[in-house]
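What follows is the content of run_12.txt, which has compact mmCIF, C-alpha atoms:
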# COMPACT_ATOMS: atom_id res chain seq x y z
CA MET A 1 -146.52 -294.22 128.84
CA GLU A 2 -149.11 -294.71 126.09
CA LYS A 3 -148.91 -298.48 126.63
CA ARG A 4 -149.65 -298.00 130.34
CA ILE A 5 -152.68 -295.86 129.52
CA GLU A 6 -153.91 -298.41 126.94
CA SER A 7 -153.47 -301.20 129.48
CA LEU A 8 -155.38 -299.14 132.01
CA LEU A 9 -158.26 -298.56 129.60
CA ASP A 10 -158.32 -302.25 128.61
CA GLN A 11 -158.57 -303.31 132.27
CA ILE A 12 -161.33 -300.77 132.87
CA ALA A 13 -163.25 -302.06 129.83
CA GLU A 14 -162.91 -305.65 131.05
CA ALA A 15 -164.15 -304.78 134.53
CA TRP A 16 -166.93 -302.64 133.04
CA GLN A 17 -168.21 -305.67 131.15
CA LYS A 18 -167.93 -308.06 134.10
CA LEU A 19 -169.88 -305.67 136.32
CA ASN A 20 -172.56 -305.08 133.63
CA LEU A 21 -172.18 -301.34 134.14
CA ASP A 22 -173.97 -300.40 130.91
CA ASP A 23 -177.10 -302.22 132.11
CA LYS A 24 -176.75 -300.66 135.56
CA ILE A 25 -176.43 -297.18 134.05
CA ALA A 26 -179.63 -297.75 132.08
CA GLU A 27 -181.36 -298.96 135.26
CA LYS A 28 -180.09 -295.93 137.20
CA ASP A 29 -181.31 -293.51 134.50
CA ALA A 30 -184.76 -295.13 134.51
CA LEU A 31 -184.93 -294.89 138.29
CA GLU A 32 -183.90 -291.25 138.15
CA GLN A 33 -186.90 -290.49 135.94
CA GLU A 34 -189.24 -292.37 138.29
CA ILE A 35 -187.87 -290.54 141.33
CA ALA A 36 -188.42 -287.20 139.62
CA SER A 37 -192.15 -287.93 139.38
CA PRO A 38 -194.17 -286.39 142.25
CA ASP A 39 -196.63 -289.30 142.02
CA LEU A 40 -193.96 -291.64 143.35
CA TRP A 41 -194.36 -290.25 146.86
CA GLN A 42 -197.98 -291.35 147.05
CA ASP A 43 -196.42 -294.65 148.14
CA PRO A 44 -193.66 -293.60 150.59
CA GLU A 45 -192.31 -297.13 151.13
CA ASN A 46 -191.95 -297.74 147.39
CA ALA A 47 -190.34 -294.31 147.02
CA ARG A 48 -187.86 -295.10 149.79
CA LYS A 49 -186.85 -298.39 148.15
CA LYS A 50 -186.38 -296.76 144.75
CA ASN A 51 -184.26 -293.97 146.25
CA GLU A 52 -182.11 -296.51 148.09
CA LYS A 53 -181.67 -298.53 144.89
CA PHE A 54 -180.75 -295.38 142.94
CA ALA A 55 -178.17 -294.36 145.58
CA LYS A 56 -176.65 -297.85 145.59
CA LEU A 57 -176.32 -297.89 141.78
CA GLN A 58 -174.89 -294.38 141.80
CA ASN A 59 -172.26 -295.37 144.36
CA GLU A 60 -171.27 -298.38 142.29
CA ILE A 61 -171.19 -296.68 138.89
CA LYS A 62 -169.69 -293.26 139.64
CA PRO A 63 -166.15 -294.37 140.65
CA TRP A 64 -165.81 -296.42 137.45
CA GLN A 65 -167.15 -293.57 135.30
CA ASN A 66 -164.70 -291.14 136.91
CA LEU A 67 -161.81 -293.55 136.38
CA LYS A 68 -162.72 -294.19 132.74
CA ASN A 69 -163.10 -290.47 132.00
CA SER A 70 -159.80 -289.63 133.69
CA ALA A 71 -157.93 -292.35 131.77
CA THR A 72 -159.47 -291.18 128.48
CA ASP A 73 -158.44 -287.58 129.21
CA LEU A 74 -154.87 -288.72 129.96
CA LYS A 75 -154.70 -290.58 126.66
CA GLU A 76 -155.42 -287.33 124.84
CA LEU A 77 -152.67 -285.54 126.81
CA ALA A 78 -150.03 -288.28 126.40
CA SER A 79 -148.33 -286.51 123.50
CA GLU A 80 -147.74 -283.32 125.50
CA GLU A 81 -144.02 -283.57 126.28
CA ASP A 82 -144.01 -280.65 128.74
CA LEU A 83 -146.58 -282.51 130.89
CA LEU A 84 -144.84 -285.91 130.99
CA GLU A 85 -143.95 -285.80 134.69
CA GLU A 86 -147.47 -284.76 135.70
CA ILE A 87 -149.04 -287.39 133.43
CA GLU A 88 -146.79 -290.11 134.92
CA ALA A 89 -147.98 -289.18 138.41
CA GLN A 90 -151.63 -289.21 137.32
CA ILE A 91 -151.24 -292.62 135.64
CA ALA A 92 -149.77 -294.04 138.86
CA GLU A 93 -152.70 -292.62 140.83
CA LEU A 94 -155.26 -294.07 138.41
CA GLU A 95 -153.55 -297.49 138.53
CA LYS A 96 -153.80 -297.40 142.32
CA THR A 97 -157.49 -296.47 142.08
CA LEU A 98 -158.10 -299.31 139.62
CA GLU A 99 -156.55 -301.86 142.00
CA THR A 100 -158.88 -300.67 144.75
CA LEU A 101 -161.96 -300.76 142.51
CA LYS A 102 -161.03 -304.21 141.22
CA LYS A 103 -162.07 -305.59 144.61
CA THR A 104 -165.68 -305.07 143.51
CA LEU A 105 -165.11 -307.77 140.86
CA ARG A 106 -165.31 -310.26 143.71
CA PHE A 107 -169.01 -309.44 144.01
CA THR A 108 -170.47 -310.93 140.84
CA GLY A 109 -172.67 -313.61 142.45
CA PRO A 110 -176.44 -313.50 141.84
CA TYR A 111 -177.16 -311.77 145.17
CA ASP A 112 -173.78 -310.24 146.06
CA GLY A 113 -175.06 -306.70 145.54
CA ASN A 114 -178.06 -307.21 147.83
CA ASN A 115 -178.54 -306.12 151.40
CA ALA A 116 -178.55 -308.98 153.88
CA VAL A 117 -180.06 -310.41 157.02
CA LEU A 118 -177.76 -311.42 159.85
CA ARG A 119 -179.20 -314.08 162.17
CA ILE A 120 -177.26 -315.31 165.21
CA THR A 121 -178.52 -318.32 167.19
CA SER A 122 -176.92 -319.74 170.33
CA GLY A 123 -176.19 -323.45 170.38
CA ALA A 124 -176.66 -326.02 173.11
CA GLY A 125 -174.97 -325.16 176.37
CA GLY A 126 -177.23 -322.71 178.16
CA THR A 127 -175.76 -319.47 179.49
CA GLU A 128 -172.29 -320.17 178.12
CA ALA A 129 -173.57 -320.54 174.55
CA MET A 130 -175.87 -317.52 174.85
CA ASP A 131 -172.97 -315.39 176.08
CA TRP A 132 -170.93 -316.52 173.05
CA ALA A 133 -173.80 -315.58 170.71
CA GLY A 134 -173.86 -312.16 172.39
CA MET A 135 -170.10 -311.79 171.82
CA LEU A 136 -170.62 -312.51 168.12
CA GLU A 137 -173.46 -309.98 168.00
CA ARG A 138 -171.10 -307.32 169.35
CA MET A 139 -168.35 -308.39 166.90
CA TYR A 140 -170.62 -307.84 163.92
CA GLN A 141 -171.96 -304.59 165.36
CA ARG A 142 -168.41 -303.25 165.60
CA TYR A 143 -167.54 -304.48 162.11
CA CYS A 144 -170.60 -302.77 160.63
CA GLU A 145 -169.83 -299.53 162.48
CA LYS A 146 -166.32 -299.49 161.00
CA ASN A 147 -167.48 -300.31 157.47
CA ASN A 148 -170.47 -298.00 157.05
CA ILE A 149 -173.03 -300.81 157.12
CA LYS A 150 -176.38 -299.86 158.62
CA MET A 151 -177.81 -302.38 161.09
CA THR A 152 -181.56 -302.48 161.84
CA LEU A 153 -182.79 -304.78 164.59
CA LEU A 154 -185.62 -307.07 163.45
CA GLU A 155 -185.83 -309.59 166.29
CA ARG A 156 -183.92 -310.25 169.51
CA GLN A 157 -184.37 -312.72 172.37
CA ALA A 158 -182.02 -312.03 175.27
CA GLY A 159 -180.60 -314.83 177.41
CA GLU A 160 -181.84 -315.21 180.98
CA GLU A 161 -178.42 -314.49 182.52
CA ALA A 162 -176.22 -313.24 179.68
CA GLY A 163 -175.98 -312.86 175.93
CA ILE A 164 -178.73 -313.77 173.49
CA LYS A 165 -180.75 -316.77 172.41
CA THR A 166 -181.17 -315.26 168.96
CA ALA A 167 -180.83 -311.91 167.20
CA VAL A 168 -181.86 -310.89 163.70
CA TYR A 169 -180.61 -307.74 161.96
CA GLU A 170 -181.11 -306.21 158.54
CA LEU A 171 -177.80 -305.01 157.07
CA ALA A 172 -177.76 -302.28 154.43
CA GLY A 173 -174.79 -301.02 152.41
CA GLN A 174 -172.71 -301.64 149.31
CA ASN A 175 -172.41 -305.35 148.36
CA VAL A 176 -173.35 -306.38 151.90
CA TYR A 177 -174.35 -309.95 151.12
CA GLY A 178 -171.30 -310.51 148.93
CA LEU A 179 -169.08 -309.08 151.64
CA LEU A 180 -170.46 -311.02 154.59
CA LYS A 181 -171.54 -314.34 153.08
CA SER A 182 -168.22 -315.74 154.30
CA GLU A 183 -169.57 -315.54 157.87
CA HIS A 184 -172.39 -318.03 157.18
CA GLY A 185 -171.94 -321.14 159.32
CA VAL A 186 -171.07 -322.36 162.81
CA HIS A 187 -168.62 -320.41 164.99
CA ARG A 188 -166.89 -322.32 167.84
CA LEU A 189 -165.43 -320.79 171.00
CA VAL A 190 -163.01 -322.44 173.46
CA ARG A 191 -162.31 -320.56 176.71
CA LEU A 192 -162.27 -320.75 180.49
CA SER A 193 -165.89 -320.42 181.49
CA PRO A 194 -166.80 -317.25 183.43
CA PHE A 195 -170.05 -318.97 184.43
CA ASN A 196 -168.48 -322.07 185.96
CA ALA A 197 -167.46 -322.07 189.63
CA ASP A 198 -164.51 -324.35 188.83
CA ASN A 199 -163.43 -322.10 185.92
CA LEU A 200 -163.23 -325.12 183.61
CA ARG A 201 -162.46 -324.93 179.90
CA GLN A 202 -165.70 -324.76 177.93
CA THR A 203 -166.56 -325.17 174.24
CA SER A 204 -169.52 -323.18 172.90
CA PHE A 205 -171.19 -322.95 169.51
CA ALA A 206 -173.31 -320.36 167.71
CA LEU A 207 -174.88 -320.43 164.27
CA VAL A 208 -174.46 -317.33 162.10
CA GLU A 209 -176.70 -317.04 159.04
CA ILE A 210 -176.13 -314.44 156.32
CA LEU A 211 -179.12 -314.30 153.99
CA PRO A 212 -179.62 -312.10 150.91
CA ILE A 213 -182.60 -309.76 151.10
CA ILE A 214 -184.79 -310.44 148.06
CA GLU A 215 -187.61 -307.93 147.92
CA SER A 216 -189.08 -309.10 144.63
CA ASP A 217 -190.87 -312.45 144.35
CA THR A 218 -189.80 -312.74 140.70
CA ASP A 219 -186.30 -313.93 141.68
CA ILE A 220 -187.51 -316.55 144.17
CA GLU A 221 -191.03 -317.69 143.35
CA ILE A 222 -192.83 -319.29 146.27
CA ASN A 223 -196.10 -321.14 145.86
CA ASP A 224 -198.69 -319.78 148.31
CA LYS A 225 -199.89 -323.36 148.90
CA ASP A 226 -196.46 -324.17 150.36
CA LEU A 227 -196.82 -321.55 153.10
CA ARG A 228 -198.41 -321.69 156.53
CA ILE A 229 -198.87 -318.23 158.05
CA ASP A 230 -199.57 -317.81 161.77
CA VAL A 231 -200.20 -314.54 163.60
CA TYR A 232 -199.84 -313.95 167.31
CA HIS A 233 -199.36 -311.22 169.92
CA SER A 234 -196.05 -309.40 169.64
CA GLY A 235 -193.88 -309.75 172.72
CA GLY A 236 -191.26 -307.09 172.02
CA HIS A 237 -191.09 -303.32 171.61
CA GLY A 238 -193.27 -301.67 169.01
CA GLY A 239 -195.61 -299.17 170.59
CA GLN A 240 -199.15 -299.43 171.92
CA SER A 241 -200.10 -302.32 169.61
CA VAL A 242 -197.70 -304.71 171.35
CA ASN A 243 -199.56 -307.51 173.15
CA THR A 244 -202.91 -306.01 172.15
CA THR A 245 -203.12 -307.08 168.50
CA ASN A 246 -201.93 -310.09 166.52
CA SER A 247 -199.16 -308.13 164.77
CA ALA A 248 -196.40 -310.75 164.97
CA VAL A 249 -196.12 -313.12 162.01
CA ARG A 250 -194.63 -316.60 161.66
CA ILE A 251 -194.28 -318.05 158.15
CA THR A 252 -193.43 -321.70 157.56
CA HIS A 253 -192.30 -322.98 154.17
CA ILE A 254 -193.79 -326.46 154.48
CA PRO A 255 -191.68 -328.41 151.92
CA THR A 256 -188.38 -327.41 153.59
CA ASN A 257 -189.76 -326.79 157.10
CA THR A 258 -188.13 -323.35 157.02
CA VAL A 259 -189.61 -320.98 159.63
CA VAL A 260 -189.32 -317.19 159.83
CA ALA A 261 -190.92 -315.16 162.63
CA ILE A 262 -190.96 -311.35 162.82
CA GLN A 263 -192.60 -309.13 165.40
CA ASN A 264 -190.48 -305.98 165.34
CA GLU A 265 -192.62 -303.90 162.98
CA ARG A 266 -195.76 -302.13 164.21
CA SER A 267 -198.24 -303.75 161.83
CA GLN A 268 -199.02 -307.30 160.80
CA LEU A 269 -198.63 -306.32 157.14
CA GLN A 270 -195.13 -304.91 157.70
CA ASN A 271 -194.09 -307.98 159.66
CA LYS A 272 -195.42 -310.25 156.94
CA GLU A 273 -193.54 -308.36 154.20
CA LYS A 274 -190.31 -308.48 156.20
CA ALA A 275 -190.79 -312.17 157.00
CA MET A 276 -191.31 -312.93 153.30
CA GLU A 277 -188.11 -311.04 152.40
CA ILE A 278 -186.18 -313.13 154.91
CA LEU A 279 -187.85 -316.36 153.78
CA ARG A 280 -186.89 -315.68 150.17
CA GLY A 281 -183.34 -315.08 151.37
CA LYS A 282 -183.25 -318.34 153.34
CA LEU A 283 -184.54 -320.31 150.36
CA ALA A 284 -182.10 -318.55 148.03
CA GLN A 285 -179.24 -319.45 150.39
CA MET A 286 -180.41 -323.08 150.49
CA LYS A 287 -180.63 -323.09 146.70
CA LEU A 288 -177.01 -321.95 146.44
CA GLU A 289 -175.81 -324.45 149.06
CA GLN A 290 -177.63 -327.39 147.53
CA GLN A 291 -176.90 -326.26 143.95
CA ALA A 292 -180.57 -326.78 143.20
CA GLU A 293 -182.10 -325.65 139.92
CA SER A 294 -185.19 -324.29 141.67
CA ILE A 295 -186.69 -324.10 145.16
CA ASP A 296 -188.94 -327.02 144.22
CA LYS A 297 -185.78 -329.16 144.25
CA LEU A 298 -184.73 -328.11 147.77
CA ARG A 299 -184.34 -330.76 150.43
CA ALA A 300 -185.42 -330.11 153.99
CA GLY A 301 -182.77 -329.90 156.68
CA GLU A 302 -179.85 -329.35 154.31
CA SER A 303 -179.26 -325.62 154.76
CA ALA A 304 -176.68 -324.17 157.16
CA SER A 305 -176.51 -326.77 159.88
CA TRP A 306 -174.67 -327.28 163.13
CA GLY A 307 -172.24 -329.53 161.28
CA GLN A 308 -170.84 -326.73 159.15
CA GLN A 309 -168.17 -325.34 161.46
CA ILE A 310 -166.36 -322.51 159.70
CA ARG A 311 -164.22 -320.82 162.35
CA ASN A 312 -162.61 -321.58 165.69
CA TYR A 313 -161.98 -318.93 168.33
CA VAL A 314 -159.59 -320.34 170.96
CA LEU A 315 -158.90 -318.23 174.06
CA GLN A 316 -157.51 -321.05 176.24
CA PRO A 317 -154.96 -322.73 176.52
CA TYR A 318 -153.57 -320.48 173.72
CA ARG A 319 -155.04 -317.60 171.72
CA LEU A 320 -155.91 -318.21 168.07
CA VAL A 321 -158.71 -317.55 165.61
CA LYS A 322 -158.57 -319.87 162.59
CA ASP A 323 -160.90 -320.31 159.63
CA THR A 324 -161.43 -323.96 158.74
CA ARG A 325 -162.00 -323.24 155.02
CA THR A 326 -159.25 -320.75 154.14
CA LYS A 327 -156.84 -321.73 156.96
CA HIS A 328 -156.36 -318.00 157.59
CA GLU A 329 -155.49 -317.39 161.24
CA THR A 330 -154.45 -314.73 163.73
CA THR A 331 -153.38 -314.68 167.37
CA ASP A 332 -154.92 -311.22 167.92
CA THR A 333 -158.19 -312.61 169.26
CA ASP A 334 -159.14 -309.36 171.01
CA ALA A 335 -159.04 -307.43 167.72
CA VAL A 336 -161.16 -310.07 165.96
CA LEU A 337 -163.82 -310.02 168.70
CA ASP A 338 -163.76 -306.22 168.42
CA GLY A 339 -164.84 -306.44 164.78
CA GLU A 340 -161.51 -306.79 162.94
CA ILE A 341 -162.62 -309.63 160.65
CA GLN A 342 -161.80 -308.11 157.24
CA GLU A 343 -158.74 -310.35 156.79
CA PHE A 344 -160.95 -313.44 157.17
CA ILE A 345 -163.49 -312.03 154.72
CA ASP A 346 -160.78 -311.18 152.14
CA ALA A 347 -159.22 -314.64 152.46
CA PHE A 348 -162.59 -316.25 151.72
CA LEU A 349 -163.31 -313.96 148.74
CA GLU A 350 -159.92 -314.78 147.24
CA LEU A 351 -160.52 -318.55 147.28
Rewrite the structure of this file - the entire thing - as structure tokens.
Amino acid sequence: MEKRIESLLDQIAEAWQKLNLDDKIAEKDALEQEIASPDLWQDPENARKKNEKFAKLQNEIKPWQNLKNSATDLKELASEEDLLEEIEAQIAELEKTLETLKKTLRFTGPYDGNNAVLRITSGAGGTEAMDWAGMLERMYQRYCEKNNIKMTLLERQAGEEAGIKTAVYELAGQNVYGLLKSEHGVHRLVRLSPFNADNLRQTSFALVEILPIIESDTDIEINDKDLRIDVYHSGGHGGQSVNTTNSAVRITHIPTNTVVAIQNERSQLQNKEKAMEILRGKLAQMKLEQQAESIDKLRAGESASWGQQIRNYVLQPYRLVKDTRTKHETTDTDAVLDGEIQEFIDAFLEL
């Protein structure tokens, strides 16, 4: 029994170190002091971000603290012979909890703990491709609903007849980027076309981008001289300022020809800040993909491209969803398109 408890504590200590929990506790304590200051609320947006960061750290740290404290308490009780049966049951419960918490060890990448941007773009093929992009939008909406991930719409262009041309969402939750980075790439659909009079088999493509949200410019430093910023009339929802002021913002990173456009927020300043967050995420993603030392080393046109097909969804002549990287597959295509993609995510994280 004592050996099991010692093993439990050793595994907790190892995970504690890998997750840098001591540093995160110090960061959480510092944030708690800042939040307690009434002056913080003079800048509501900054206050909101600090509170969100504090809550995220608290959610990550607390389960590990509780587990460590419980294991330590059990170690002190291990010599109590009249409690052996109860202690055995508690050890088994803590071991089960540890196995669940160990899944967070998969999220140790530089941006895995960040929130993310989901961007879906329809490929060539007109209405058929736009309908497929809309199906993927719904799939991720259902997945986020089931997994307590908050989705905030940033940009959406509907298709003329069905689906979407493009949709951009901000995703907020625990380890969102680390969880969903497996979805980054081209998704291919094969089915009998509902938009074809002859009901012919059709192949459609959509590009899914998962980008880390990087709010601070210290992680990804961008030279202002490398940016071209255009403003124009917003064409979407957003109140009385829509189509009356130049609130929409388009930012182009000239060296990589990376373009981000946002018009969802009410003010030009808010749109610019959000566009810069997304741009930093796109450049960070390119940096990871190209294994570049810095963004100055990035090469244009070598981020997620239409050649990077990651998953096939076949509805005709048979039913199968198969990931090209992990080879994980399922014939329950309806469940997958209804948001049941966790098996695919887990298979990627276990590579």
Residue among A:Ala78, A:Leu189, A:Ile91, A:Ala275 lying closest to Ile213 in chain A, counting all atoms listed in the file: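 Answer, going by the shortest atom-to-atom distance: A:Ala275.
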How far is it from CA of Ala116 in chain A to CA of Arg280 in chain A, in Å with one decimal?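 Atom-to-atom, CA of Ala116 in chain A and CA of Arg280 in chain A are spaced 11.3 Å apart.
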Computed gap from CA of Ala261 in chain A to CA of Lys181 in chain A is 21.6 Å
Two-atom distance - CA of Glu161 in chain A, CA of Leu200 in chain A (Å): 18.6 Å
Taking only C-alpha atoms into account, which of A:Ile278, A:Ile210, A:Leu74, A:Glu293 comes nearest Glu86 in chain A?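 So, comparing all the options, the nearest one is A:Leu74.
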